[in-house]
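Visitor: Dumping the structure here so I can ask a few things about it.
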Number of protein chains: 2
Amino acid sequence: MADIATRVYNHKWKIDPIVRSLIDTDFYKLLMCQSIFRNRPDTTVCFSLINRTRSIRLADLIDEGELREQLDHVRGLRLSRGESTWLRGNTFYGKRQMFRPDFMEFLENLRLPPYQLEKRDGQYELTFEGKWPEVMLWEIPALAILMELRSRAVLSTLGRFELQVLYARAMTRLWEKIERLRALPDLRIADFGTRRRHSFLWQDWAVQAMIEGLGEGFTGTSNCLIAMRRDIEAIGTNAHELPMVYAALADTDAELRRAPYEVLADWHEEHDGNLRMILPDTYGTEGFLKGAPDWLAGWTGIRIDSGDPAAGAETAIRWWRDRGEDPRRKLVIFSDGLDVAKIVELHHQFHGRVKVSFGWGTLLTNDFRGLVAGDGLAPFSLVCKAVSADGRPTVKLSDNPAKATGPAEEIARYRRIFGSGQQAPQEVVV
Amino acid sequence: MADIATRVYNHKWKIDPIVRSLIDTDFYKLLMCQSIFRNRPDTTVCFSLINRTRSIRLADLIDEGELREQLDHVRGLRLSRGESTWLRGNTFYGKRQMFRPDFMEFLENLRLPPYQLEKRDGQYELTFEGKWPEVMLWEIPALAILMELRSRAVLSTLGRFELQVLYARAMTRLWEKIERLRALPDLRIADFGTRRRHSFLWQDWAVQAMIEGLGEGFTGTSNCLIAMRRDIEAIGTNAHELPMVYAALADTDAELRRAPYEVLADWHEEHDGNLRMILPDTYGTEGFLKGAPDWLAGWTGIRIDSGDPAAGAETAIRWWRDRGEDPRRKLVIFSDGLDVAKIVELHHQFHGRVKVSFGWGTLLTNDFRGLVAGDGLAPFSLVCKAVSADGRPTVKLSDNPAKATGPAEEIARYRRIFGSGQQAPQEVVV
């Protein structure tokens with residue numbers, strides 16, 4: 001077991017890589033990458049890092065040289081032989097050879113494309129441009145690097161024992177959360193916290209604590225490297241970038257309206273079972289489900305990633321009933337802004353009515369709130385999104401207007417086309 | 001920095017020594033040993049281990065084979081070359097060559113004498129008989145072994161992360177104590193916690209935390225091995241065993257009355273400065289100070305080790321004034337049952353009136369109260385005392401009747417001779 005405090009302390013003297021492997025990323029990135037590699041290999045995209053928490057001035061906290069060193073390190077990474085073997089030979093979601101040989105060959109030869117880095121108004125403008133299947137793999141490492149460099153900047157002011165006590169407190173807090181979760185019957189929960197983690201070592205600790213504390217109730221981690229090293233399931237399906245890019249590429253309003261379903265039609269061809277998860281909120285869950293083709297109701301479940309989660313699940317349940325499906329055989333995955341109280345509440349509300357699962361992110365892998373003076377380690381809202389595709393801006397609405405992204409006139413157009421009506425704004429905590 | 005939780009977890013598979021060196025003992029044992037080696041080398045004594053907390057059935061908790069293994073290991077230890085060099089060459093209390101060549105030669109050739117071990121009523125009866133300078137060195141290792149085997153017995157029921165969280169909580173607790181102490185101006189405090197420590201690694205952690213947290217305010221540790229390894233001061237002067245054995249050897253009441261002063265007369269010849277600390281409570285502080293020769297009032301200070309500590313310090317201050325001494329130039333060391341609240345209180349009461357120092361024991365190195373179910377790691381009151389000398393029973397009265405030891409009729413005789421009158425019983429916590 002790593003002595004995290006000592007390792008962190010030693011970071012003060014030597015730079016060691018924050019991202020130590022190309023598979024230190026979320027599993028769904030690889031699944032989506034394979035899908036893109038097959039269906040849209042030549043689309044060019046631009047991904048951009050956005051710090052929604054403007055009060056945290058990352059460019060003041062993080063040294064540009066250190067940031068470049070970490071980003072350059074990732075550009076030097078290649079898939080190792082062991083990683084390749086694991087991806088090729090492992091069974092994911094019950095399926096052998098999930099990754100096709102042509103895609104594996106692409107991954108084995110991949111190096112991440114260049115990045116553009118500038119400072120503006122106390123923030124870093126970090127962008128990645130190039131072919132979609134390559135650029136999209138920057139998202140998680142870029143986020144993890146910025147998050148951890150910020151952690152390190154704050155930690156570097158602490159003494160050795162202050163550090164150890166800091167981690168002691170964080171461990172105690174996380175373990176107390178796990179003890180509360182342990183009391184829930186039939187809980188199913190996975191680690192989704194790679195992108196917002198305090199650090200790699202801390203995520204790895206959190207995963208091990210979940211393994212010991214929850215046993216079978218802990219279903220796995222989204223992080224491929226940790227899944228491989230800890231011999232647990234890699235978890236994840238698909239994300240907003242697919243409909244966002246498909247939508248941006250649409251030439252007409254009619255094509256735009258069809259785009260989110262086209263994504264899932266491509267997915268349908270490739271995957272079955274528990275990988276058939278609908279992420280319905282990119283342009284509003286209500287409208288998406290209303291206009292969905294019947295074959296989508298046959299899918300395994302829905303992931304609720306914005307808006308009021310209970311309301312989202314009730315909407316899904318109604319939709320399944322309307323389409324003649326039995327909700328008790330359907331899976332609802334909650335993955336937005338979860339902490340223990342919310343997990344307990346949702347579990348009580350939906351356990352028995354649908355199959356429930358949780359993808360626990362930031363407050364699993366980065367709950368250091370209140371542990372240093374000035375709350376300098378509190379998590380913040382950093383994202384890295386596709387902002388354009390083939391030169392056209394992308395738009396995301398989600399079920400929370402506070403999370404909408406894209407040019408204002410495009411947001412208005414998308415709202416009109418997808419019929420996203422009244423949405424209640426939800427505070428974006430993490 | 002040791003990852004204590006992992007080390008503890010690994011203990012489940014392999015026995016590693018609890019006492020890893022002959023100098024993993026309190027500094028005052030070595031000072032007293034040298035004094036005894038010069039003044040009473042041929043006195044035979046019997047030391048006996050006594051668990052005052054009868055509710056903790058050590059013989060049920062601790063495997064006899066494991067106990068014997070640890071005790072046998074100590075019998076196999078010899079002073080290492082590095083340890084000998086440190087004792088011979090180091091400056092203690094500002095003095096070079098504190099340990100005389102003949103004593104060092106004795107130490108270098110020493111192996112601890114045999115022990116006798118039996119079980120009775122759920123307790124171990126562990127006794128040591130032989131020459132005083134040899135037998136007396138069993139006290140601290142015997143206590144440390146029993147204390148740590150009890151810790152290990154309880155810890156062996158915990159999972160790996162439960163262990164890590166346990167230590168996380170204990171670290172947090174100790175650090176919070178240190179943060180409170182840091183607020184005290186001119187605090188002087190040392191670690192006196194070897195005999196009652198949770199474990200060696202934990203004491204070592206506690207010492208390092210004190211170093212970082214208190215800086216100059218932390219004056220050192222009573223533990224010679226830790227002092228050597230961490231390059232800090234070894235702290236300690238003398239203890240009750242000297243007057244107890246001197247008193248037991250007295251042939252007449254008059255000799256008995258003189259015995260406690262004789263101890264200090266021998267000490268006076270050998271030591272000066274901060275080593276001239278009076279421990280006045282063996283047969284009652286009031287009587288001891290009343291009957292003390294004037295040269296004792298010239299000593300540096302008094303250690304308060306039983307009874308109400310504030311009352312004891314006030315008694316000492318009055319005594320110094322009566323003898324024409326300026327209390328502000330005198331040192332009072334509090335060393336009985338301290339925790340932060342009491343330290344803060346005593347510091348406020350006496351800071352500026354005398355020089356104040358604290359010897360913090362059990363609740364520095366063994367505060368695991370409430371951290372496991374059933375409170376199985378709470379510290380308990382284990383002592384290892386000289387019970388006889390040259391066949392005659394020893395007696396201790398102290399300033400707390402609850403701490404009196406010895407045969408009842410001898411206690412009565414000592415009370416009469418030393419004029420120990422009304423004493424308020426104090427609860428013996430640790």
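By convention here, the chains of the structure tokens are called A, B, ... in the order presented, each chain's residues are numbered starting at 1, and ligands are numbered starting at 1 in the order presented.
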What lies within 8 Å of B:Val383 using only C-alpha atoms, ignoring chain neighbours under 3 positions off, as a PyMOL selection string?
Guide: chain B and resi 49-52+143
Visitor: What does the file look like for those residues with N, CA, C and O atoms, as a compact mmCIF listing (two decimals), in the first residue's frame?
Guide:
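Written output follows (out14.txt):
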```
# COMPACT_ATOMS: atom_id res chain seq x y z
N LEU B 49 5.56 -7.72 37.11
CA LEU B 49 4.62 -7.00 36.25
C LEU B 49 3.23 -7.05 36.88
O LEU B 49 2.76 -8.14 37.26
N ILE B 50 2.59 -5.91 36.98
CA ILE B 50 1.26 -5.86 37.59
C ILE B 50 0.29 -5.11 36.68
O ILE B 50 0.54 -3.97 36.30
N ASN B 51 -0.79 -5.78 36.32
CA ASN B 51 -1.84 -5.14 35.53
C ASN B 51 -2.89 -4.61 36.49
O ASN B 51 -3.68 -5.37 37.04
N ARG B 52 -2.90 -3.29 36.68
CA ARG B 52 -3.85 -2.69 37.62
C ARG B 52 -5.27 -2.72 37.05
O ARG B 52 -6.24 -2.55 37.80
N LEU B 143 7.09 -4.09 29.77
CA LEU B 143 5.85 -3.32 29.62
C LEU B 143 5.52 -3.11 28.14
O LEU B 143 4.38 -3.31 27.70
```
Visitor: Would you mind listing, for every residue of chain B within 7 Å of chain A, the two atoms forming the shortest contact and the distance between them in Å to one decimal, using only C-alpha atoms, sorted by chain and ascending residue number, as a Markdown table?
Guide:
```
| residue | atom | partner | partner_atom | distance |
| --- | --- | --- | --- | --- |
| B:Met1 | CA | A:Thr6 | CA | 6.7 |
| B:Asp3 | CA | A:Asp3 | CA | 5.6 |
| B:Thr6 | CA | A:Met1 | CA | 6.7 |
| B:Phe161 | CA | A:Ala209 | CA | 6.0 |
| B:Val165 | CA | A:Thr172 | CA | 5.5 |
| B:Ala168 | CA | A:Ala168 | CA | 4.0 |
| B:Arg169 | CA | A:Thr172 | CA | 6.3 |
| B:Met171 | CA | A:Val165 | CA | 6.2 |
| B:Thr172 | CA | A:Val165 | CA | 5.5 |
| B:Trp175 | CA | A:Val165 | CA | 6.9 |
| B:Ala209 | CA | A:Phe161 | CA | 6.0 |
| B:Glu212 | CA | A:Phe161 | CA | 6.7 |
```
Visitor: Just want the 9 Å neighbourhood of A:Arg392, counted on only C-alpha atoms, with same-chain residues fewer than 5 positions away dropped. Output as a list in words.
Guide: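 Those residues are Val45, Ala248, Leu249 and Val387 of chain A.
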Visitor: Since we have the selection now, will you write its residues out, keeping N, CA, C and O atoms, as a JSON list (two decimals), in the first residue's frame?
Guide:
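result.json was written with the following content:
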```json
[["chain", "number", "residue", "atom", "x", "y", "z"],
["A", 45, "VAL", "N", -11.82, 17.60, -34.82],
["A", 45, "VAL", "CA", -12.50, 18.24, -33.69],
["A", 45, "VAL", "C", -11.52, 19.14, -32.96],
["A", 45, "VAL", "O", -10.30, 19.03, -33.11],
["A", 248, "ALA", "N", -23.25, 18.54, -34.34],
["A", 248, "ALA", "CA", -22.54, 19.66, -34.98],
["A", 248, "ALA", "C", -22.34, 19.41, -36.47],
["A", 248, "ALA", "O", -22.29, 20.34, -37.28],
["A", 249, "LEU", "N", -22.23, 18.14, -36.84],
["A", 249, "LEU", "CA", -21.96, 17.80, -38.25],
["A", 249, "LEU", "C", -23.24, 17.79, -39.09],
["A", 249, "LEU", "O", -23.16, 17.68, -40.33],
["A", 387, "VAL", "N", -15.48, 21.42, -28.59],
["A", 387, "VAL", "CA", -16.14, 22.71, -28.82],
["A", 387, "VAL", "C", -16.47, 22.92, -30.30],
["A", 387, "VAL", "O", -17.31, 23.74, -30.64]]
```
Visitor: Skipping near chain neighbours, those fewer than 6 positions away, what residues fall within 12 Å of B:Ala190 using only C-alpha atoms, listed as an MDAnalysis selection string?
Guide: chainID B and resid 206:208 210:211 214:223 227 232:236 333:335 338 343 356:361 364:365
Visitor: So which residues of stretch 113-341 of chain B fall under helix (DSSP H, G or I) by DSSP, listed as a PyMOL selection string?
Guide: chain B and resi 132-155+160-182+200-217+224-230+241-248+253-270+273-275+285-290+294-297+309-322+327-329+340-341
Visitor: Quick one: DSSP strand (DSSP E or B) residues in stretch 250-324 of chain A, as a PyMOL selection string?
Guide: chain A and resi 277-278+301-304
Visitor: Set the distance at 9 Å and use only C-alpha atoms: which residues neighbour B:Ile302 once local chain neighbours fewer than 3 positions away are removed? I'd like the list as number ranges by chain.
Guide: B: 276-280, 299, 313, 316, 330-334
